[in-house]
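Below is one structure, written out as C-alpha cells; the observations come after it.
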Amino acid sequence: MVDMTDMDENSPVFAIAVAAELAEMHPQTLRQYDRLGLVVPGRTRGGSRRYSMRDITQLREIARLGSEGVSLEGIRRVLDLENENAQLRTRVRELERALADQLISRPGARVFAATTTGGAVPLRAGMRPQRNTAVVLYRPRH
C-alpha cells in the first residue's frame, strides 16, 4: 500500500496508460518522448514506466509548445531550463534554511557588510555599518 504522506509531485505513480490519458496523448507518444529524453519516467523493478504529476505537467507543456510551432529540440531546451530552474530554487531554499539554522543557533555571530570600494566590514548580528559622514570638497581641475 502507498503511503500518501510520502507522495509529492515527483512521485512516480502513474502507469503509461493513465499518464497518457492525463496528458491527453497516445501512449506511443510518451514512449517516444522517453526515448528522446524529453520526459524520462521512473521505472518499476520489472521495467514498467511510472510517471509523476511533474512528468504529466511536462507532457502537457510539450504539447502546448509543439502546438505553438516549437521544435522538439527547442522544447528540450525549454524543459532543461525549467528543470534547472526548479533545481536551483530547491537549492536556494536549502541554503536559506541552513542560513536560518546557523543564525538561530549562533546568536551574536558576525556578519559582514560591503563597503563602497567592494571590501567587507565585519559586524555583529543586528548592528548597522558606520556611515562615512565626512564632507569632501570637490574642486575640478582646469
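By convention here, the chains of the C-alpha cells are called A, B, ... in the order presented, each chain's residues are numbered starting at 1, and ligands are numbered starting at 1 in the order presented.
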
>> Taking only chain A into account, list the residues labelled helix (DSSP H, G or I) by DSSP (computed from the backbone), as a count of residues only.
In response: 70

>> From a backbone DSSP assignment, name each residue in chain A labelled strand (DSSP E or B), as an MDAnalysis selection string.
In response: chainID A and resid 14 42:43 49:51 110:114 120:124

Would you mind exporting the chosen residues as a PDB file, in the first residue's frame, restricted to C-alpha atoms?
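Once written, out_15.pdb looks like this:
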```
ATOM      1  CA  PHE A  14       1.026   6.574 -12.916  1.00  0.00           C
ATOM      2  CA  GLY A  42      10.675   6.303 -13.284  1.00  0.00           C
ATOM      3  CA  ARG A  43      10.784   2.545 -13.720  1.00  0.00           C
ATOM      4  CA  ARG A  49       7.281   3.158 -16.838  1.00  0.00           C
ATOM      5  CA  ARG A  50       5.806   5.156 -13.941  1.00  0.00           C
ATOM      6  CA  TYR A  51       5.016   8.823 -14.419  1.00  0.00           C
ATOM      7  CA  ARG A 110      29.500  38.055  12.990  1.00  0.00           C
ATOM      8  CA  VAL A 111      28.028  39.125   9.686  1.00  0.00           C
ATOM      9  CA  PHE A 112      29.584  41.326   7.046  1.00  0.00           C
ATOM     10  CA  ALA A 113      28.650  44.491   5.167  1.00  0.00           C
ATOM     11  CA  ALA A 114      30.063  45.639   1.866  1.00  0.00           C
ATOM     12  CA  ALA A 120      33.931  43.683   3.560  1.00  0.00           C
ATOM     13  CA  VAL A 121      33.449  45.018   7.079  1.00  0.00           C
ATOM     14  CA  PRO A 122      32.680  42.555   9.913  1.00  0.00           C
ATOM     15  CA  LEU A 123      29.650  43.417  12.036  1.00  0.00           C
ATOM     16  CA  ARG A 124      27.919  41.811  14.953  1.00  0.00           C
TER      17      ARG A 124
END
```

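Reported to one decimal place, the separation of atom CA of A:Met7 from atom CA of A:Arg97 is 21.9 Å.
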
>> List as an MDAnalysis selection string the protein and nucleic acid residues near stretch 54-66 of chain A, meaning an atom at most 12 Å away when only C-alpha atoms are counted, but skip any in the same chain fewer than 2 places from it.
In response: chainID A and resid 7:27 29:34 37:42 49:52 68:80 82:83 86

> What does the distance from atom CA of A:Asp101 to atom CA of A:Asn85 come to in Å, to one decimal?
Replying inline: 24.2 Å

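Pairwise distance (atom CA of A:Ile104, atom CA of A:Thr90) equals 21.2 Å.
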